[in-house]
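Enquirer: Pasting protein.txt below, which is compact mmCIF, C-alpha atoms and all ligand atoms.
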# COMPACT_ATOMS: atom_id res chain seq x y z
CA MET A 1 116.30 94.17 161.26
CA ILE A 2 116.31 95.96 164.56
CA LYS A 3 113.66 93.66 165.99
CA LEU A 4 115.56 90.63 164.86
CA ALA A 5 118.76 91.92 166.38
CA VAL A 6 117.08 92.55 169.71
CA THR A 7 115.50 89.12 169.68
CA ALA A 8 118.86 87.55 169.03
CA ALA A 9 120.46 89.52 171.85
CA LEU A 10 117.73 88.53 174.28
CA ALA A 11 117.88 84.90 173.27
CA ALA A 12 121.56 84.89 174.08
CA ILE A 13 120.91 85.87 177.69
CA ALA A 14 120.66 82.93 179.98
CA LEU A 15 118.09 83.18 182.71
CA PRO A 16 119.62 80.88 185.25
CA THR A 17 117.74 79.39 188.11
CA CYS A 18 120.60 78.91 190.44
CA ILE A 19 119.02 78.07 193.72
CA SER A 20 120.65 76.07 196.44
CA ALA A 21 119.20 72.59 196.59
CA LEU A 22 119.99 69.09 197.57
CA GLY A 23 122.36 66.97 195.54
CA LEU A 24 121.01 63.91 193.73
CA ASP A 25 121.70 61.39 196.48
CA GLN A 26 120.45 63.75 199.15
CA ALA A 27 117.24 64.26 197.20
CA ALA A 28 116.94 60.51 196.55
CA VAL A 29 117.28 59.67 200.22
CA ALA A 30 114.80 62.41 201.13
CA ALA A 31 112.40 60.80 198.64
CA GLY A 32 112.72 57.41 200.31
CA LEU A 33 115.27 55.75 198.00
CA THR A 34 118.35 54.09 199.45
CA TYR A 35 120.72 55.81 197.04
CA PHE A 36 121.39 57.70 193.83
CA GLY A 37 124.62 56.48 192.30
CA THR A 38 126.88 56.14 189.31
CA ALA A 39 129.05 53.58 187.62
CA THR A 40 132.73 54.31 187.35
CA ASP A 41 135.76 52.51 185.95
CA ASN A 42 139.39 52.16 186.88
CA PRO A 43 141.03 54.04 183.97
CA GLU A 44 139.12 57.22 184.84
CA LEU A 45 140.40 57.34 188.38
CA THR A 46 143.55 59.22 187.33
CA ASP A 47 141.38 62.19 186.29
CA ILE A 48 141.38 64.38 189.39
CA PRO A 49 138.43 66.67 188.50
CA TYR A 50 136.46 63.53 187.59
CA VAL A 51 137.26 61.85 190.89
CA THR A 52 136.48 65.03 192.81
CA GLN A 53 132.88 64.85 191.61
CA LEU A 54 132.73 61.05 191.87
CA ASN A 55 133.58 61.59 195.53
CA ASN A 56 130.77 64.12 195.93
CA THR A 57 128.45 62.18 198.19
CA ALA A 58 125.75 64.85 197.95
CA ASP A 59 125.19 63.52 194.42
CA PHE A 60 126.46 59.95 194.59
CA GLY A 61 125.65 57.68 197.50
CA GLN A 62 126.50 54.54 195.54
CA ILE A 63 129.00 53.41 192.94
CA THR A 64 129.20 50.43 190.59
CA PRO A 65 132.43 49.16 189.04
CA GLY A 66 131.79 49.27 185.29
CA ASN A 67 134.13 46.43 184.35
CA SER A 68 136.49 45.34 187.07
CA GLN A 69 134.29 42.72 188.74
CA LYS A 70 133.34 40.99 185.50
CA TRP A 71 134.45 37.43 184.81
CA ASP A 72 137.26 38.34 182.37
CA ALA A 73 138.71 40.69 184.98
CA THR A 74 138.31 38.49 188.05
CA GLU A 75 139.10 35.00 186.70
CA PRO A 76 141.06 35.47 183.46
CA SER A 77 142.28 31.88 183.54
CA GLN A 78 140.58 29.04 185.30
CA GLY A 79 141.17 29.07 189.02
CA THR A 80 143.39 32.19 188.87
CA PHE A 81 141.61 35.14 190.42
CA SER A 82 142.48 38.83 190.33
CA PHE A 83 140.72 41.36 192.52
CA THR A 84 143.17 44.26 192.30
CA GLU A 85 141.07 46.51 190.07
CA GLY A 86 137.75 45.67 191.68
CA ASP A 87 139.24 46.32 195.08
CA VAL A 88 140.28 49.83 194.04
CA ILE A 89 136.65 50.73 193.45
CA ALA A 90 135.34 48.85 196.49
CA ASP A 91 137.91 50.68 198.63
CA LEU A 92 136.97 54.04 197.13
CA ALA A 93 133.29 53.46 197.87
CA GLU A 94 134.08 52.38 201.39
CA ALA A 95 136.37 55.36 202.07
CA ASN A 96 133.64 57.71 200.81
CA GLY A 97 130.81 55.95 202.65
CA GLN A 98 129.13 55.09 199.34
CA TYR A 99 127.18 51.88 198.80
CA LEU A 100 128.72 49.40 196.37
CA ARG A 101 126.60 47.65 193.75
CA CYS A 102 128.66 44.68 192.67
CA HIS A 103 128.51 43.79 188.98
CA THR A 104 128.34 41.09 187.58
CA LEU A 105 128.78 37.31 188.06
CA VAL A 106 127.23 35.40 185.15
CA TRP A 107 126.96 37.16 181.80
CA TYR A 108 127.45 36.00 178.23
CA ASN A 109 129.78 38.90 177.44
CA GLN A 110 133.28 39.73 178.69
CA LEU A 111 133.87 36.08 179.41
CA PRO A 112 137.41 34.74 179.10
CA SER A 113 137.96 32.28 176.27
CA TRP A 114 138.58 29.42 178.68
CA VAL A 115 134.87 29.67 179.49
CA THR A 116 133.46 30.33 176.02
CA SER A 117 135.73 27.86 174.22
CA GLY A 118 136.01 25.24 176.93
CA THR A 119 134.85 21.69 176.52
CA TRP A 120 132.17 21.32 179.12
CA THR A 121 129.73 18.83 180.44
CA ASN A 122 126.76 19.94 182.47
CA ALA A 123 128.54 18.96 185.67
CA THR A 124 131.91 20.56 184.87
CA LEU A 125 130.42 23.88 183.78
CA ILE A 126 128.21 24.01 186.87
CA ALA A 127 131.31 23.39 188.99
CA ALA A 128 133.31 26.12 187.19
CA MET A 129 130.43 28.59 187.51
CA GLN A 130 129.89 27.79 191.17
CA ASN A 131 133.61 28.13 191.87
CA HIS A 132 133.68 31.51 190.13
CA ILE A 133 130.67 32.81 192.04
CA THR A 134 131.77 31.43 195.39
CA THR A 135 135.28 32.84 195.11
CA VAL A 136 134.30 36.30 193.86
CA VAL A 137 131.33 36.77 196.20
CA SER A 138 133.35 35.50 199.18
CA HIS A 139 136.12 37.98 198.37
CA TYR A 140 133.67 40.91 198.52
CA LYS A 141 131.58 39.44 201.32
CA GLY A 142 129.95 42.10 203.46
CA ARG A 143 130.87 44.92 201.07
CA CYS A 144 128.21 44.64 198.37
CA LEU A 145 124.77 46.12 198.94
CA HIS A 146 123.69 44.31 195.77
CA TRP A 147 125.16 41.72 193.45
CA ASP A 148 124.02 41.53 189.85
CA VAL A 149 124.15 37.73 189.85
CA VAL A 150 122.87 37.02 186.34
CA ASN A 151 123.03 39.68 183.64
CA GLU A 152 121.14 39.79 180.34
CA ALA A 153 119.94 36.19 180.16
CA LEU A 154 117.14 37.16 177.76
CA ASN A 155 116.82 38.13 174.13
CA ASP A 156 114.58 41.09 173.33
CA ASP A 157 111.80 38.72 172.24
CA GLY A 158 111.78 37.18 175.71
CA THR A 159 113.43 33.89 174.80
CA TYR A 160 116.55 32.80 176.62
CA ARG A 161 119.75 34.12 175.14
CA THR A 162 121.93 31.37 173.73
CA ASN A 163 125.13 31.35 175.73
CA ILE A 164 127.52 28.74 177.02
CA PHE A 165 125.62 28.45 180.29
CA TYR A 166 122.20 28.06 178.71
CA THR A 167 123.29 25.63 176.01
CA THR A 168 125.21 23.44 178.47
CA ILE A 169 123.16 23.65 181.67
CA GLY A 170 119.78 24.89 180.52
CA GLU A 171 117.75 27.45 182.45
CA ALA A 172 118.88 25.75 185.67
CA TYR A 173 122.08 27.83 185.48
CA ILE A 174 120.09 30.79 186.75
CA PRO A 175 118.79 29.38 190.06
CA LEU A 176 122.11 27.57 190.55
CA ALA A 177 123.95 30.91 190.24
CA PHE A 178 121.65 32.62 192.75
CA ALA A 179 122.03 29.75 195.20
CA ALA A 180 125.83 29.91 195.01
CA ALA A 181 125.84 33.68 195.53
CA ALA A 182 123.49 33.47 198.52
CA ALA A 183 125.64 30.82 200.14
CA ALA A 184 128.78 32.95 199.75
CA ASP A 185 127.32 36.20 201.09
CA PRO A 186 123.93 35.90 202.78
CA SER A 187 123.74 39.66 203.40
CA ALA A 188 124.16 40.89 199.81
CA LYS A 189 120.90 41.47 197.95
CA LEU A 190 120.89 39.39 194.79
CA PHE A 191 119.64 40.87 191.53
CA TYR A 192 118.74 39.75 188.03
CA ASN A 193 119.77 42.62 185.70
CA ASP A 194 118.67 43.32 182.12
CA TYR A 195 117.77 46.04 179.59
CA ASN A 196 114.57 46.83 177.70
CA LEU A 197 112.42 45.56 180.56
CA GLU A 198 111.03 49.08 180.95
CA TYR A 199 108.53 48.71 178.12
CA GLY A 200 106.61 45.99 179.92
CA SER A 201 106.86 43.77 176.88
CA THR A 202 107.39 40.02 176.49
CA LYS A 203 110.93 40.47 177.74
CA ALA A 204 109.62 41.88 181.03
CA ALA A 205 107.26 38.90 181.35
CA SER A 206 110.21 36.57 180.85
CA ALA A 207 112.19 38.43 183.50
CA ARG A 208 109.29 37.95 185.92
CA ALA A 209 109.38 34.26 185.00
CA ILE A 210 113.07 34.22 185.94
CA VAL A 211 112.21 35.67 189.35
CA GLN A 212 109.62 32.94 189.81
CA LEU A 213 111.99 30.25 188.54
CA VAL A 214 114.57 31.21 191.18
CA GLN A 215 111.93 31.49 193.88
CA ALA A 216 110.44 28.11 192.96
CA SER A 217 113.88 26.50 193.18
CA GLY A 218 114.14 27.63 196.79
CA ALA A 219 117.05 29.95 196.06
CA LYS A 220 117.03 33.61 197.06
CA ILE A 221 116.44 36.47 194.64
CA ASP A 222 116.03 39.94 196.11
CA GLY A 223 115.70 42.24 193.16
CA VAL A 224 115.54 43.02 189.47
CA GLY A 225 117.78 45.66 187.93
CA PHE A 226 116.33 47.75 185.12
CA GLN A 227 119.36 48.89 183.21
CA GLY A 228 117.60 51.92 181.77
CA HIS A 229 119.54 52.43 178.53
CA PHE A 230 117.44 54.63 176.24
CA VAL A 231 117.41 56.74 173.12
CA VAL A 232 116.12 60.23 173.90
CA GLY A 233 112.36 60.50 173.40
CA THR A 234 111.71 56.76 173.72
CA VAL A 235 111.32 56.62 177.49
CA PRO A 236 107.82 55.43 178.41
CA SER A 237 105.60 57.71 180.46
CA GLN A 238 106.21 57.79 184.18
CA ALA A 239 102.82 56.12 184.77
CA SER A 240 103.72 53.30 182.41
CA LEU A 241 107.12 52.83 184.03
CA VAL A 242 105.46 52.71 187.44
CA SER A 243 103.13 49.92 186.39
CA VAL A 244 106.01 47.86 184.98
CA LEU A 245 108.08 48.30 188.14
CA GLN A 246 105.06 47.32 190.23
CA SER A 247 104.56 44.15 188.21
CA PHE A 248 107.94 43.08 189.61
CA THR A 249 107.56 44.31 193.18
CA ALA A 250 104.28 42.34 193.24
CA LEU A 251 106.47 39.22 193.14
CA GLY A 252 108.14 40.25 196.38
CA VAL A 253 111.38 41.58 194.93
CA GLU A 254 112.96 45.02 194.95
CA VAL A 255 113.66 46.94 191.76
CA ALA A 256 116.31 49.50 190.87
CA TYR A 257 117.49 51.36 187.81
CA THR A 258 121.05 50.17 187.47
CA GLU A 259 122.70 51.60 184.32
CA ALA A 260 120.63 54.56 183.19
CA ASP A 261 121.59 56.75 180.27
CA VAL A 262 119.60 58.54 177.55
CA ARG A 263 121.58 58.83 174.35
CA ILE A 264 121.11 61.56 171.78
CA LEU A 265 121.85 61.62 168.06
CA LEU A 266 124.67 64.15 167.81
CA PRO A 267 124.91 67.05 167.67
CA THR A 268 122.59 67.85 170.55
CA THR A 269 120.11 70.69 170.34
CA ALA A 270 118.30 72.63 173.04
CA THR A 271 115.25 70.53 172.19
CA THR A 272 116.95 67.15 172.56
CA LEU A 273 118.65 68.22 175.78
CA ALA A 274 115.28 69.32 177.18
CA GLN A 275 113.71 66.02 176.11
CA GLN A 276 116.56 64.16 177.78
CA SER A 277 115.86 66.08 180.96
CA SER A 278 112.18 65.05 180.82
CA ASP A 279 113.19 61.46 180.14
CA PHE A 280 115.47 61.29 183.18
CA GLN A 281 112.75 62.95 185.24
CA ALA A 282 110.22 60.27 184.27
CA LEU A 283 112.67 57.47 184.96
CA VAL A 284 113.72 58.58 188.40
CA GLY A 285 110.19 59.74 189.18
CA SER A 286 108.87 56.26 188.52
CA CYS A 287 111.34 54.86 191.04
CA VAL A 288 110.25 57.39 193.66
CA ALA A 289 106.62 56.43 193.05
CA VAL A 290 107.11 52.70 193.63
CA ASP A 291 107.54 51.15 197.05
CA GLY A 292 110.36 48.70 196.61
CA CYS A 293 112.29 50.75 194.06
CA VAL A 294 115.45 51.23 196.07
CA GLY A 295 117.85 53.22 193.94
CA PHE A 296 118.88 54.81 190.69
CA THR A 297 122.29 54.44 189.08
CA ILE A 298 123.55 56.20 185.96
CA TRP A 299 126.13 54.43 183.76
CA ASP A 300 128.86 56.88 184.64
CA TRP A 301 127.97 60.51 185.20
CA THR A 302 129.86 62.48 182.52
CA ASP A 303 129.74 62.17 178.74
CA LYS A 304 133.53 62.16 178.91
CA TYR A 305 133.48 58.51 180.00
CA SER A 306 130.21 57.20 178.56
CA TRP A 307 130.21 53.87 176.73
CA VAL A 308 127.64 55.24 174.26
CA PRO A 309 129.73 56.90 171.49
CA SER A 310 131.88 53.82 170.96
CA THR A 311 128.87 51.48 170.99
CA PHE A 312 126.14 53.40 169.13
CA THR A 313 127.48 55.17 166.06
CA GLY A 314 126.45 58.80 165.91
CA TYR A 315 125.03 58.88 169.43
CA GLY A 316 126.39 60.40 172.60
CA ALA A 317 125.66 63.02 175.25
CA ALA A 318 123.77 60.37 177.24
CA LEU A 319 124.56 61.51 180.77
CA PRO A 320 123.63 64.43 183.05
CA TRP A 321 127.07 66.05 182.86
CA ASP A 322 128.76 66.95 179.58
CA GLU A 323 132.32 66.12 178.49
CA ASP A 324 133.64 69.18 180.34
CA LEU A 325 132.03 67.91 183.55
CA VAL A 326 129.39 70.65 183.37
CA LYS A 327 125.81 69.85 184.35
CA LYS A 328 123.22 69.60 181.58
CA PRO A 329 119.46 70.15 181.88
CA ALA A 330 119.17 66.44 182.69
CA TYR A 331 120.67 67.12 186.10
CA ASP A 332 117.77 69.38 186.99
CA GLY A 333 115.34 66.88 185.47
CA LEU A 334 116.65 64.25 187.84
CA LEU A 335 116.27 66.58 190.80
CA VAL A 336 112.72 67.40 189.76
CA GLY A 337 111.92 63.71 189.39
CA LEU A 338 113.32 63.16 192.85
CA GLY A 339 110.87 65.73 194.13
CA ALA A 340 113.44 68.19 195.38
CA SER A 341 111.85 71.29 196.86
CA VAL A 342 109.90 73.66 194.66
CA SER A 343 111.35 77.07 194.04
CA THR A 344 110.25 79.91 191.85
CA THR A 345 112.53 82.68 190.77
CA THR A 346 111.99 85.76 188.74
CA THR A 347 114.99 87.10 186.93
CA ALA A 348 114.97 90.41 185.16
CA THR A 349 117.69 91.20 182.74
CA THR A 350 118.42 93.81 180.17
CA ALA A 351 119.87 93.47 176.74
CA SER A 352 120.81 96.05 174.22
CA SER A 353 121.60 95.75 170.60
CA THR A 354 122.78 98.15 167.99
CA ALA A 355 121.61 97.77 164.46
CA SER A 356 121.43 100.25 161.64
CA GLY A 357 123.05 102.82 163.88
CA VAL A 358 120.09 102.83 166.28
CA THR A 359 120.54 101.58 169.81
CA VAL A 360 117.58 99.67 171.15
CA THR A 361 117.35 98.56 174.73
CA ALA A 362 114.88 95.93 175.82
CA THR A 363 114.18 94.45 179.19
CA ALA A 364 113.11 90.85 179.53
CA THR A 365 111.48 89.49 182.61
CA ALA A 366 111.34 85.77 182.83
CA THR A 367 109.66 83.73 185.46
CA THR A 368 111.18 80.33 185.76
CA THR A 369 109.40 77.78 187.81
CA THR A 370 111.23 74.67 188.67
CA THR A 371 110.72 72.07 191.29
CA ALA A 372 114.41 71.88 191.83
CA ALA A 373 117.49 73.81 191.15
CA HIS A 374 121.07 73.09 190.74
CA TRP A 375 124.15 73.63 192.56
CA GLY A 376 126.82 74.74 190.23
CA GLN A 377 126.90 76.24 186.79
CA CYS A 378 126.83 79.78 188.09
CA GLY A 379 130.42 80.14 186.99
CA GLY A 380 133.40 78.11 186.01
CA SER A 381 134.91 76.82 182.82
CA GLY A 382 132.49 75.60 180.23
CA TRP A 383 129.54 77.53 181.64
CA THR A 384 128.38 80.13 179.19
CA GLY A 385 125.42 81.47 181.11
CA ALA A 386 125.30 84.60 183.20
CA THR A 387 126.69 84.51 186.68
CA VAL A 388 123.41 85.06 188.44
CA CYS A 389 122.20 83.30 191.55
CA ALA A 390 118.80 83.57 193.10
CA SER A 391 118.28 86.20 195.76
CA GLY A 392 120.11 85.28 198.91
CA TYR A 393 122.71 83.07 197.20
CA THR A 394 126.20 83.90 196.04
CA CYS A 395 128.11 82.24 193.26
CA THR A 396 130.99 80.57 195.05
CA TYR A 397 133.82 78.55 193.60
CA VAL A 398 134.00 75.16 195.28
CA ASN A 399 137.12 74.29 193.35
CA ALA A 400 138.86 75.50 190.21
CA TRP A 401 136.26 74.12 187.81
CA TYR A 402 133.04 74.11 189.71
CA SER A 403 130.93 76.71 191.40
CA GLN A 404 127.71 76.71 193.33
CA CYS A 405 125.12 79.22 194.45
CA LEU A 406 125.63 78.98 198.19
C1 LIG B 1 138.37 60.71 196.55
O1 LIG B 1 138.05 59.98 197.70
C2 LIG B 1 139.07 59.10 198.13
C3 LIG B 1 138.50 58.27 199.27
O2 LIG B 1 137.81 59.04 200.19
C4 LIG B 1 140.28 59.90 198.53
O3 LIG B 1 141.32 59.04 198.94
C5 LIG B 1 140.74 60.69 197.32
O4 LIG B 1 141.82 61.53 197.68
C6 LIG B 1 139.62 61.55 196.79
N1 LIG B 1 140.07 62.16 195.55
C7 LIG B 1 139.77 63.40 195.17
C8 LIG B 1 140.34 63.88 193.90
O5 LIG B 1 139.01 64.10 195.83
C1 LIG B 2 122.33 20.07 184.53
O1 LIG B 2 122.31 19.74 185.90
C2 LIG B 2 121.39 20.47 186.66
C3 LIG B 2 121.62 20.16 188.12
O2 LIG B 2 121.50 18.81 188.33
C4 LIG B 2 120.00 20.19 186.19
O3 LIG B 2 119.06 20.94 186.92
C5 LIG B 2 119.90 20.53 184.73
O4 LIG B 2 118.62 20.24 184.22
C6 LIG B 2 120.96 19.81 183.95
N1 LIG B 2 120.96 20.27 182.57
C7 LIG B 2 120.98 19.44 181.55
C8 LIG B 2 121.01 20.06 180.19
O5 LIG B 2 120.95 18.24 181.69
Represent the supplied structure as structure tokens.
Ligand SMILES: *[C@@H]1O[C@H](CO)[C@@H](O)[C@H](O)[C@H]1NC(C)=O
Ligand SMILES: *[C@@H]1O[C@H](CO)[C@@H](O)[C@H](O)[C@H]1NC(C)=O
Expert:
Amino acid sequence: MIKLAVTAALAAIALPTCISALGLDQAAVAAGLTYFGTATDNPELTDIPYVTQLNNTADFGQITPGNSQKWDATEPSQGTFSFTEGDVIADLAEANGQYLRCHTLVWYNQLPSWVTSGTWTNATLIAAMQNHITTVVSHYKGRCLHWDVVNEALNDDGTYRTNIFYTTIGEAYIPLAFAAAAAADPSAKLFYNDYNLEYGSTKAASARAIVQLVQASGAKIDGVGFQGHFVVGTVPSQASLVSVLQSFTALGVEVAYTEADVRILLPTTATTLAQQSSDFQALVGSCVAVDGCVGFTIWDWTDKYSWVPSTFTGYGAALPWDEDLVKKPAYDGLLVGLGASVSTTTTATTASSTASGVTVTATATATTTTTAAHWGQCGGSGWTGATVCASGYTCTYVNAWYSQCL
């Protein structure tokens, strides 16, 4: 009984490794990437604590509008364009000095009904698609580091997805879309973006064929976006991810992770959160290891605004910050994968427990080795660990909800 009680008391003591380190974007840039970034969306921008961290350029050097540049948002009826919402996010990125990944021009989903239910000939749909691309890309000209020109053109078996563009125009819609985007903004890097390419399966081979199709047409394609949507524990090894990324860079294009998240069957456990951390580490580590992998974007940064729970029943907790905007182990996994500096701390702590009228005191010494550390989580709402920073650092509140060992 006594032994059990002591064990329980010791297990309850957090042994934090709160060592000052770089933020995610700072570590990414130090590792040779162009950025580490996050998606965001207009409705969330009224949440001040959320925006405070979105603005934190130590972590986020890039943002992607989650929905407000999609076709249904930008051209809800034919020839009538609306850029108000997309501009809010473009302006925010610009004011913060964050890169903007623009997303997305031609996709089967979130299309207005005038497109999906229109009566088209090959020529009229090409004209409507070109007009959409030309108008939207021209509006954002000079502001987009990347454009996701064509999104999710493939089924998981590697065949072309049946959509209005494919059934009316054939595969030629893809090079035509890239050509229109290049003409409207020659400086934006143009990406093909899809999910489940990371396994190096038939779908990845078909995505490489898309790169070659565009190249053979004489149009420009600069990159392939790996969306990076995963279930925890299903992320391939870092070595395997590296070889898949390299199979694309061998074609002369860049690669990037564009929408990463690692969803967990709820409720989370310490084990699944640790696995998620390893998964994020492998993903970002593979990008660091590949020349031509330019950046890593998570599909929003807090579980509070993740698309996962409403899309995958029973799943959630897919992002590096929880619903209370508190960092999870995945944050440190990302830093480790980005090769942030190695630190070792030794924390001694004492616990006592009283059982059966006998007081037992035990001292635990834990050595925690990590190749990174986190800012934050040494205090603040939602953090249940001890307020302990490594030697030489003091837990300091940066704002009302967030603290760092500085
Ligand atoms: C976020 O950044 C924008 C642009 O720099 C600024 O206008 C806004 O006040 C910031 N918001 C918060 C909550 O920090
Ligand atoms: C539609 O027109 C384009 C451009 O001329 C052409 O490449 C494509 O093959 C045509 N598609 C069909 C189904 O005829």
Enquirer: Neighbouring residues of ligand LIG 1 (chain B) are defined here as those with any atom at most 8 Å from a ligand atom, counting only C-alpha atoms and all ligand atoms; list them as JSON, numbers by chain.
Expert: {"A": [47, 48, 49, 50, 51, 52, 53, 54, 55, 91, 92, 93, 94, 95, 96]}
Enquirer: Could you please determine the separation between atom CA of Asn151 of chain A and atom CA of Ala282 of chain A in Å, to one decimal place?
Expert: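 Taking atom CA of Asn151 of chain A and atom CA of Ala282 of chain A, their separation equals 24.3 Å.
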Enquirer: Around ligand LIG 2 (chain B), out to 6 Å and counting all atoms listed in the file, which residues are there? I want them as a list in words.
Expert: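 The residues within 6 Å of ligand LIG 2 (chain B), counting all atoms listed in the file, are Asn122, Thr168, Ile169, Gly170 and Ala172 of chain A.
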Enquirer: Please list, as a PyMOL selection string, the residues that have an atom at most 12 Å away from (128.6, 22.9, 188.3) in the coordinates of this file, counting all atoms listed in the file.
Expert: chain A and resi 120-134+165+168-170+172-177+179-180
Enquirer: Name the residues in contact with Tyr331 of chain A at a cut-off of 8 Å, using only C-alpha atoms, excluding same-chain residues fewer than 3 positions from it; report them as a list of chain:residue names.
Expert: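 Contacts, in chain order: A:Ser277, A:Pro320, A:Trp321, A:Lys327, A:Lys328, A:Leu334, A:Leu335, A:His374.
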Enquirer: Using atom CA of Ser187 of chain A and atom CA of His146 of chain A as the two end points, give the distance in Å to one decimal.
Expert: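 A separation of 8.9 Å between them.
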Enquirer: Nearest residue to Gln212 of chain A out of A:Gly225, A:Gly200, A:Gly252, A:Gly66, using all atoms listed in the file?
Expert: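 When distances to Gln212 of chain A are compared using all atoms listed in the file, the smallest one comes from A:Gly252.
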